[in-house]
$ cat structure-v5.cif   # mmCIF, C-alpha atoms and all ligand atoms
data_upload
loop_
_atom_site.label_atom_id
_atom_site.label_comp_id
_atom_site.auth_asym_id
_atom_site.auth_seq_id
_atom_site.Cartn_x
_atom_site.Cartn_y
_atom_site.Cartn_z
CA MET A 1 82.63 121.06 101.22
CA LYS A 2 85.47 120.02 103.56
CA ALA A 3 86.58 116.45 104.24
CA THR A 4 89.55 114.83 105.98
CA ALA A 5 90.86 111.31 105.35
CA LYS A 6 93.64 109.12 106.70
CA ALA A 7 95.45 106.40 104.72
CA HIS A 8 98.34 104.08 105.58
CA THR A 9 101.23 103.16 103.34
CA ASN A 10 101.77 99.59 102.17
CA ILE A 11 104.65 97.23 101.48
CA ALA A 12 104.50 95.10 98.33
CA LEU A 13 105.22 91.38 98.80
CA ILE A 14 104.62 90.81 95.07
CA LYS A 15 105.97 93.95 93.42
CA TYR A 16 104.34 96.30 90.94
CA TRP A 17 107.16 96.84 88.46
CA GLY A 18 106.38 98.32 85.06
CA LYS A 19 103.52 100.19 83.39
CA ARG A 20 101.64 99.45 80.20
CA ASP A 21 100.06 102.95 80.25
CA GLU A 22 101.96 105.81 81.89
CA SER A 23 99.16 108.36 81.83
CA LEU A 24 96.42 106.21 83.39
CA ILE A 25 99.01 104.29 85.47
CA LEU A 26 98.13 100.80 84.28
CA PRO A 27 100.56 98.10 85.38
CA MET A 28 102.10 95.22 83.45
CA ASN A 29 101.56 92.79 86.34
CA ASN A 30 99.32 92.15 89.33
CA SER A 31 100.86 92.98 92.71
CA LEU A 32 100.06 92.19 96.35
CA SER A 33 100.81 94.23 99.47
CA LEU A 34 100.33 94.50 103.21
CA THR A 35 98.98 97.82 104.54
CA LEU A 36 101.05 98.98 107.54
CA ASP A 37 99.76 100.72 110.67
CA GLY A 38 102.97 102.61 111.45
CA PHE A 39 103.13 104.99 108.50
CA TYR A 40 100.25 107.16 107.30
CA THR A 41 99.10 110.46 105.80
CA THR A 42 96.17 112.63 106.87
CA THR A 43 94.78 115.05 104.30
CA SER A 44 91.98 117.61 104.42
CA VAL A 45 90.48 119.09 101.26
CA GLU A 46 88.19 122.11 101.25
CA PHE A 47 86.69 123.45 98.02
CA GLN A 48 86.24 127.23 98.34
CA ASN A 49 84.28 129.52 96.00
CA ASP A 50 86.78 132.39 96.21
CA LEU A 51 89.81 130.36 95.01
CA SER A 52 91.03 130.57 91.38
CA ALA A 53 93.70 127.87 91.87
CA ASP A 54 94.46 125.07 94.33
CA ARG A 55 96.62 125.75 97.39
CA PHE A 56 98.53 122.69 98.65
CA TYR A 57 100.18 122.71 102.09
CA LEU A 58 102.46 119.76 102.89
CA ASN A 59 103.42 119.44 106.57
CA GLY A 60 102.39 123.09 107.06
CA GLN A 61 104.40 124.49 104.11
CA LEU A 62 102.72 125.98 101.03
CA THR A 63 104.12 124.07 98.04
CA GLU A 64 104.99 125.16 94.50
CA GLY A 65 106.46 123.43 91.44
CA ALA A 66 106.40 119.70 90.73
CA GLU A 67 105.04 118.70 94.12
CA LYS A 68 102.03 120.97 93.77
CA HIS A 69 101.57 120.12 90.09
CA ARG A 70 101.18 116.40 90.81
CA VAL A 71 98.40 117.19 93.31
CA THR A 72 96.54 119.69 91.11
CA ALA A 73 96.79 117.35 88.08
CA PHE A 74 95.22 114.65 90.23
CA LEU A 75 92.47 117.01 91.45
CA ASP A 76 91.75 117.83 87.79
CA ARG A 77 90.67 114.18 87.41
CA ILE A 78 88.41 114.48 90.47
CA ARG A 79 86.94 117.77 89.19
CA ALA A 80 86.28 116.20 85.78
CA ALA A 81 84.61 113.15 87.35
CA ALA A 82 82.43 115.42 89.51
CA GLY A 83 81.56 117.77 86.62
CA GLU A 84 82.99 120.73 88.56
CA PRO A 85 85.91 121.98 86.41
CA ASP A 86 86.20 125.33 88.25
CA ALA A 87 86.13 124.07 91.84
CA PHE A 88 89.47 124.82 93.51
CA ALA A 89 90.58 123.65 96.91
CA GLU A 90 92.83 124.29 99.85
CA ILE A 91 94.60 121.05 100.74
CA HIS A 92 96.47 120.33 103.97
CA SER A 93 98.46 117.12 104.08
CA ALA A 94 100.55 115.75 106.97
CA ASN A 95 102.88 112.84 106.25
CA HIS A 96 103.74 110.45 109.06
CA VAL A 97 105.96 108.50 106.67
CA PRO A 98 109.67 109.04 107.31
CA THR A 99 111.22 109.20 103.85
CA ALA A 100 114.43 107.96 105.51
CA ALA A 101 112.67 104.63 106.11
CA GLY A 102 112.46 104.15 102.37
CA PHE A 103 108.69 104.27 102.09
CA ALA A 104 107.29 106.40 99.31
CA SER A 105 104.75 108.77 100.84
CA SER A 106 102.93 108.69 97.50
CA ALA A 107 100.96 105.54 98.44
CA SER A 108 99.39 106.91 101.63
CA GLY A 109 99.45 110.45 100.20
CA PHE A 110 97.36 109.81 97.10
CA ALA A 111 94.99 107.43 98.90
CA ALA A 112 94.21 110.07 101.56
CA LEU A 113 93.97 112.83 98.93
CA ALA A 114 91.60 110.87 96.69
CA ALA A 115 89.31 109.94 99.57
CA ALA A 116 89.18 113.46 101.06
CA ALA A 117 88.78 115.19 97.67
CA ALA A 118 86.00 112.85 96.45
CA LYS A 119 84.07 113.36 99.68
CA ALA A 120 84.62 117.14 99.73
CA ILE A 121 83.39 117.58 96.16
CA ASP A 122 80.45 115.24 96.82
CA LEU A 123 81.54 112.66 94.26
CA SER A 124 79.77 109.46 95.09
CA VAL A 125 82.24 106.56 94.67
CA ASN A 126 82.35 103.04 96.05
CA GLN A 127 85.67 101.59 97.22
CA GLN A 128 86.42 100.04 93.83
CA GLN A 129 85.88 103.37 92.07
CA LEU A 130 87.97 105.10 94.74
CA SER A 131 90.80 102.60 94.11
CA ILE A 132 90.62 103.35 90.35
CA LEU A 133 90.80 107.10 91.02
CA THR A 134 93.65 106.68 93.52
CA ARG A 135 95.64 104.55 91.06
CA GLN A 136 95.80 107.55 88.70
CA GLY A 137 97.70 109.52 91.37
CA SER A 138 100.25 106.78 92.10
CA GLY A 139 100.00 103.10 91.26
CA SER A 140 100.89 101.63 94.65
CA ALA A 141 98.38 104.02 96.29
CA CYS A 142 95.40 102.11 94.90
CA ARG A 143 96.27 99.24 97.29
CA SER A 144 96.17 101.57 100.34
CA VAL A 145 92.39 101.99 99.97
CA TYR A 146 92.09 98.70 101.88
CA GLY A 147 93.65 97.37 105.07
CA GLY A 148 95.50 94.08 105.52
CA PHE A 149 96.63 92.05 102.49
CA VAL A 150 95.54 93.58 99.18
CA GLU A 151 95.92 92.57 95.54
CA TRP A 152 96.00 95.05 92.67
CA GLU A 153 94.41 93.51 89.58
CA LYS A 154 96.25 94.81 86.55
CA GLY A 155 93.15 94.58 84.34
CA LYS A 156 93.06 94.29 80.56
CA LEU A 157 90.99 97.26 79.35
CA SER A 158 92.69 100.32 77.87
CA ASP A 159 90.52 102.75 79.89
CA GLY A 160 91.70 101.25 83.22
CA SER A 161 88.18 100.52 84.46
CA ASP A 162 89.19 96.96 85.45
CA SER A 163 92.51 97.90 87.12
CA PHE A 164 91.87 98.27 90.87
CA ALA A 165 92.72 96.79 94.26
CA ILE A 166 90.76 94.03 95.98
CA PRO A 167 91.09 92.96 99.61
CA VAL A 168 92.63 89.51 100.18
CA ALA A 169 92.66 89.30 104.01
CA SER A 170 91.78 91.94 106.62
CA ALA A 171 94.26 93.56 109.01
CA ASP A 172 93.11 91.36 111.91
CA HIS A 173 93.49 88.12 109.93
CA TRP A 174 97.14 87.59 110.93
CA ASP A 175 99.28 89.19 113.64
CA ILE A 176 102.50 89.65 111.69
CA ARG A 177 105.25 92.29 111.80
CA VAL A 178 107.20 94.32 109.28
CA ALA A 179 110.40 96.02 110.47
CA ALA A 180 111.54 98.93 108.30
CA VAL A 181 115.32 99.11 108.56
CA VAL A 182 116.50 102.72 108.18
CA LEU A 183 120.01 103.16 106.78
CA SER A 184 122.42 105.80 108.09
CA SER A 185 122.88 107.24 104.62
CA ALA A 186 120.76 106.66 101.57
CA GLU A 187 122.20 107.94 98.29
CA LYS A 188 119.95 109.53 95.71
CA LYS A 189 118.27 106.76 93.79
CA VAL A 190 116.87 106.31 90.32
CA LEU A 191 113.25 107.40 90.83
CA SER A 192 110.87 104.43 90.71
CA ARG A 193 108.98 105.91 87.74
CA GLU A 194 112.18 106.25 85.75
CA GLY A 195 113.53 102.89 86.98
CA MET A 196 110.48 100.89 85.97
CA LYS A 197 110.27 102.62 82.60
CA ARG A 198 113.90 101.89 81.79
CA THR A 199 113.46 98.28 82.88
CA VAL A 200 110.34 97.70 80.77
CA ASN A 201 112.00 99.25 77.72
CA THR A 202 115.47 97.69 77.96
CA SER A 203 115.85 94.81 80.43
CA VAL A 204 116.30 91.43 78.78
CA TYR A 205 114.94 89.87 82.00
CA TYR A 206 111.70 91.86 81.96
CA PRO A 207 109.55 89.30 80.05
CA SER A 208 110.62 86.60 82.56
CA TRP A 209 109.59 88.89 85.42
CA VAL A 210 106.07 89.27 84.00
CA ASP A 211 105.82 85.52 83.32
CA SER A 212 106.78 84.68 86.92
CA ILE A 213 103.97 86.64 88.58
CA PRO A 214 100.89 84.34 88.32
CA ASP A 215 102.58 81.41 90.14
CA ASP A 216 103.93 83.73 92.87
CA LEU A 217 100.51 85.26 93.40
CA ALA A 218 98.63 81.98 93.63
CA ALA A 219 101.15 80.55 96.09
CA ILE A 220 101.42 83.64 98.32
CA LYS A 221 97.63 83.91 98.62
CA ASP A 222 97.52 80.27 99.81
CA GLY A 223 100.26 81.15 102.33
CA ILE A 224 98.37 84.20 103.59
CA VAL A 225 95.16 82.21 104.09
CA ALA A 226 97.14 79.53 105.97
CA LYS A 227 99.17 82.18 107.93
CA ASP A 228 102.28 80.32 106.79
CA VAL A 229 105.16 82.77 107.36
CA GLU A 230 107.74 80.50 105.68
CA LYS A 231 105.71 80.24 102.50
CA VAL A 232 104.76 83.92 102.36
CA GLY A 233 108.30 85.01 103.25
CA GLU A 234 110.07 82.76 100.76
CA ILE A 235 107.84 83.89 97.89
CA ALA A 236 108.15 87.57 98.85
CA GLU A 237 111.96 87.30 98.96
CA ALA A 238 112.20 85.49 95.65
CA ASN A 239 109.84 87.98 94.00
CA CYS A 240 111.86 90.91 95.36
CA LEU A 241 115.15 89.44 94.11
CA ARG A 242 113.66 88.87 90.66
CA MET A 243 112.45 92.49 90.50
CA HIS A 244 115.93 93.73 91.41
CA ALA A 245 117.52 91.35 88.88
CA THR A 246 115.58 93.10 86.11
CA THR A 247 117.35 96.38 86.94
CA LEU A 248 120.79 94.75 86.60
CA ALA A 249 119.82 93.63 83.09
CA ALA A 250 118.53 97.08 82.03
CA ASN A 251 120.40 99.45 79.73
CA PRO A 252 122.05 101.35 81.28
CA PRO A 253 122.07 98.88 84.16
CA PHE A 254 121.38 100.07 87.68
CA SER A 255 120.81 98.81 91.22
CA TYR A 256 119.02 100.30 94.21
CA TRP A 257 121.22 98.42 96.67
CA GLN A 258 124.00 99.78 98.85
CA SER A 259 126.56 97.78 100.82
CA THR A 260 124.37 97.97 103.94
CA THR A 261 121.46 96.53 101.94
CA VAL A 262 123.55 93.41 101.31
CA SER A 263 124.65 93.26 104.97
CA ILE A 264 120.99 93.24 106.05
CA ILE A 265 120.11 90.52 103.52
CA GLN A 266 122.93 88.38 104.92
CA ALA A 267 121.85 89.05 108.53
CA VAL A 268 118.29 87.92 107.68
CA GLN A 269 119.68 84.77 106.04
CA ASP A 270 121.79 84.13 109.16
CA LEU A 271 118.70 84.58 111.35
CA ARG A 272 116.93 81.92 109.29
CA ALA A 273 119.90 79.56 109.53
CA ALA A 274 119.57 79.98 113.33
CA GLY A 275 115.89 78.99 113.18
CA VAL A 276 114.26 82.44 113.15
CA PRO A 277 111.60 82.79 110.40
CA ALA A 278 112.49 86.28 109.11
CA PHE A 279 112.31 87.33 105.45
CA PHE A 280 113.36 90.48 103.59
CA THR A 281 111.87 92.59 100.84
CA ILE A 282 113.27 95.72 99.16
CA ASP A 283 111.53 98.43 97.09
CA ALA A 284 112.98 100.99 94.70
CA GLY A 285 115.64 102.11 97.17
CA PRO A 286 118.38 100.74 99.44
CA ASN A 287 116.25 100.20 102.59
CA VAL A 288 115.13 96.74 103.63
CA LYS A 289 111.85 95.61 105.22
CA VAL A 290 111.82 92.42 107.27
CA LEU A 291 108.75 90.22 107.73
CA TYR A 292 108.48 88.03 110.85
CA THR A 293 106.05 86.81 113.52
CA PRO A 294 105.77 88.66 116.88
CA ASP A 295 107.31 85.83 118.93
CA TYR A 296 110.70 86.73 117.41
CA GLU A 297 110.33 90.49 117.99
CA GLU A 298 113.28 91.01 120.31
CA LYS A 299 115.69 88.77 118.41
CA VAL A 300 114.90 90.34 115.04
CA ARG A 301 114.99 93.94 116.30
CA ASN A 302 118.29 93.46 118.14
CA THR A 303 119.93 91.74 115.18
CA LEU A 304 118.87 94.46 112.74
CA ARG A 305 119.82 97.36 115.06
CA ASN A 306 123.35 96.01 115.51
CA ILE A 307 124.24 95.90 111.80
CA ALA A 308 126.86 98.53 110.86
CA GLY A 309 125.21 101.25 108.75
CA VAL A 310 121.76 100.78 110.28
CA HIS A 311 120.37 103.95 111.84
CA ASP A 312 116.98 102.81 113.15
CA VAL A 313 114.38 100.03 113.02
CA LYS A 314 110.67 100.93 112.87
CA VAL A 315 108.19 98.12 113.41
CA SER A 316 104.65 98.04 111.97
CA LYS A 317 101.65 95.73 112.32
CA PRO A 318 98.99 95.22 109.64
CA GLY A 319 97.08 98.48 109.19
CA GLU A 320 93.54 99.50 108.23
CA GLY A 321 92.32 101.01 104.98
CA ILE A 322 91.10 104.55 104.41
CA SER A 323 89.18 106.22 107.22
CA TYR A 324 87.46 109.60 107.44
CA ILE A 325 88.15 111.93 110.32
C1 LIG B 401 105.40 98.44 94.73
N1 LIG B 401 107.06 100.12 93.89
O1 LIG B 401 104.68 97.51 94.35
C2 LIG B 401 106.61 98.75 93.88
C3 LIG B 401 107.80 97.94 94.26
C4 LIG B 401 108.47 100.21 94.01
C5 LIG B 401 108.98 98.82 93.99
O2 LIG B 401 105.03 100.97 93.58
O3 LIG B 401 104.73 105.78 89.06
O4 LIG B 401 105.34 105.30 93.52
O5 LIG B 401 103.43 106.58 91.05
O6 LIG B 401 102.78 104.48 89.88
O7 LIG B 401 103.61 103.51 93.01
C6 LIG B 401 106.74 102.52 93.54
O8 LIG B 401 106.08 103.12 92.52
O9 LIG B 401 104.92 104.57 91.14
C7 LIG B 401 106.23 101.16 93.66
P1 LIG B 401 103.91 105.39 90.24
P2 LIG B 401 104.87 104.17 92.65
O10 LIG B 401 105.17 99.05 95.81
#
$ encode --input "structure-v5.cif" --output "structure tokens" --more "lines below"
Ligand code: 2P0
Amino acid sequence: MKATAKAHTNIALIKYWGKRDESLILPMNNSLSLTLDGFYTTTSVEFQNDLSADRFYLNGQLTEGAEKHRVTAFLDRIRAAAGEPDAFAEIHSANHVPTAAGFASSASGFAALAAAAAKAIDLSVNQQQLSILTRQGSGSACRSVYGGFVEWEKGKLSDGSDSFAIPVASADHWDIRVAAVVLSSAEKKVLSREGMKRTVNTSVYYPSWVDSIPDDLAAIKDGIVAKDVEKVGEIAEANCLRMHATTLAANPPFSYWQSTTVSIIQAVQDLRAAGVPAFFTIDAGPNVKVLYTPDYEEKVRNTLRNIAGVHDVKVSKPGEGISYI
């Protein structure tokens, strides 16, 4: 009745931005990500007969409040699927995802939790069913079930049974790098859940965002197959800028960027002007991730480290999907 799983976080190259169903976490658009080896969560789940409620320890600390509620609400879905409504668990989760690097730990966190909990409660699921379960914890987490490049199919059905991730190319397909640029200070942001909701409901650019996705997806998948960093990078950058443009056209308008965010964008553009194929992407926060090939490792790292306001640069390679420990 005890199981432990490990899952890596992922960076979206085609962003998930907006839900059509908030409860089941069904997205408005397909998205595509790269799973990263540098950032991960390990979680053990043990169902115990003498427990009358779940106990959730995060990095060794017993949690209460919203943090715990999100985990127990997710386990309620697992209990319901397993037909075990009164099975409660002790959960230990360790995050190796520095929040300062601007990665949400929810992607690796819910992927590891779903895998460990399903195994511990003896719920027989294939990877597609596991991705569907994981999605209901956090949308981006459903992509972390798989390694390498992964697409999340938005699906059409109202019950979410056709909204899951599918692998596009494995982690060993292409030796590419993602540098996470950590800023010295990151102000409190509009939470991604709130940000995407406000954008869907009020941004005059939102319909254009949704319309732009199919062409981006088709082209980036061709670029991934061909290992064409220019093509993949240019599409990822353009898609990222369009996502952030929707926030500027929301009501009230908002932006996740800080001045250092813009400095990093300009440094990446300068690198490209000097012949270095480096490309940026930015999630729902001020931090920047930079995509490049390993032959430019030193040049890219040194350039990013020397930008005023940059605290650290953490480099990842493509990572694997869920594993059991
Ligand atoms: C992504 N983001 O595709 C996009 C890009 C942020 C910007 O997925 O509400 O934590 O749990 O489904 O997955 C962040 O949102 O949101 C996110 P929920 P999640 O990675």
$ residues_near_ligand --input "structure-v5.cif" --ligand "ligand LIG 401 (chain B)" --cutoff "10 Å" --atoms "all atoms listed in the file" --output "number ranges by chain"
A: 9-19, 22-27, 29-34, 103-107, 110, 135-143, 152, 191-197, 240, 243-244, 281-285
$ atom_distance --input "structure-v5.cif" --atom1 "atom CA of A:Arg242" --atom2 "atom CA of A:Asn287"
16.7 Å
$ atom_distance --input "structure-v5.cif" --atom1 "atom CA of A:Val290" --atom2 "atom CA of A:Phe164"
26.5 Å
$ residues_around --input "structure-v5.cif" --residues "A:Ser203" --least-positions-apart "4" --cutoff "9 Å" --atoms "all atoms listed in the file" --output "compact mmCIF listing (two decimals) with C-alpha atoms, keeping the file's coordinate frame"
# COMPACT_ATOMS: atom_id res chain seq x y z
CA ARG A 198 113.90 101.89 81.79
CA THR A 199 113.46 98.28 82.88
CA PRO A 207 109.55 89.30 80.05
CA THR A 246 115.58 93.10 86.11
CA THR A 247 117.35 96.38 86.94
CA LEU A 248 120.79 94.75 86.60
CA ALA A 249 119.82 93.63 83.09
CA ALA A 250 118.53 97.08 82.03
CA ASN A 251 120.40 99.45 79.73
CA PRO A 253 122.07 98.88 84.16
$ atom_distance --input "structure-v5.cif" --atom1 "atom CA of A:Val71" --atom2 "atom CA of A:Ala115"
13.2 Å
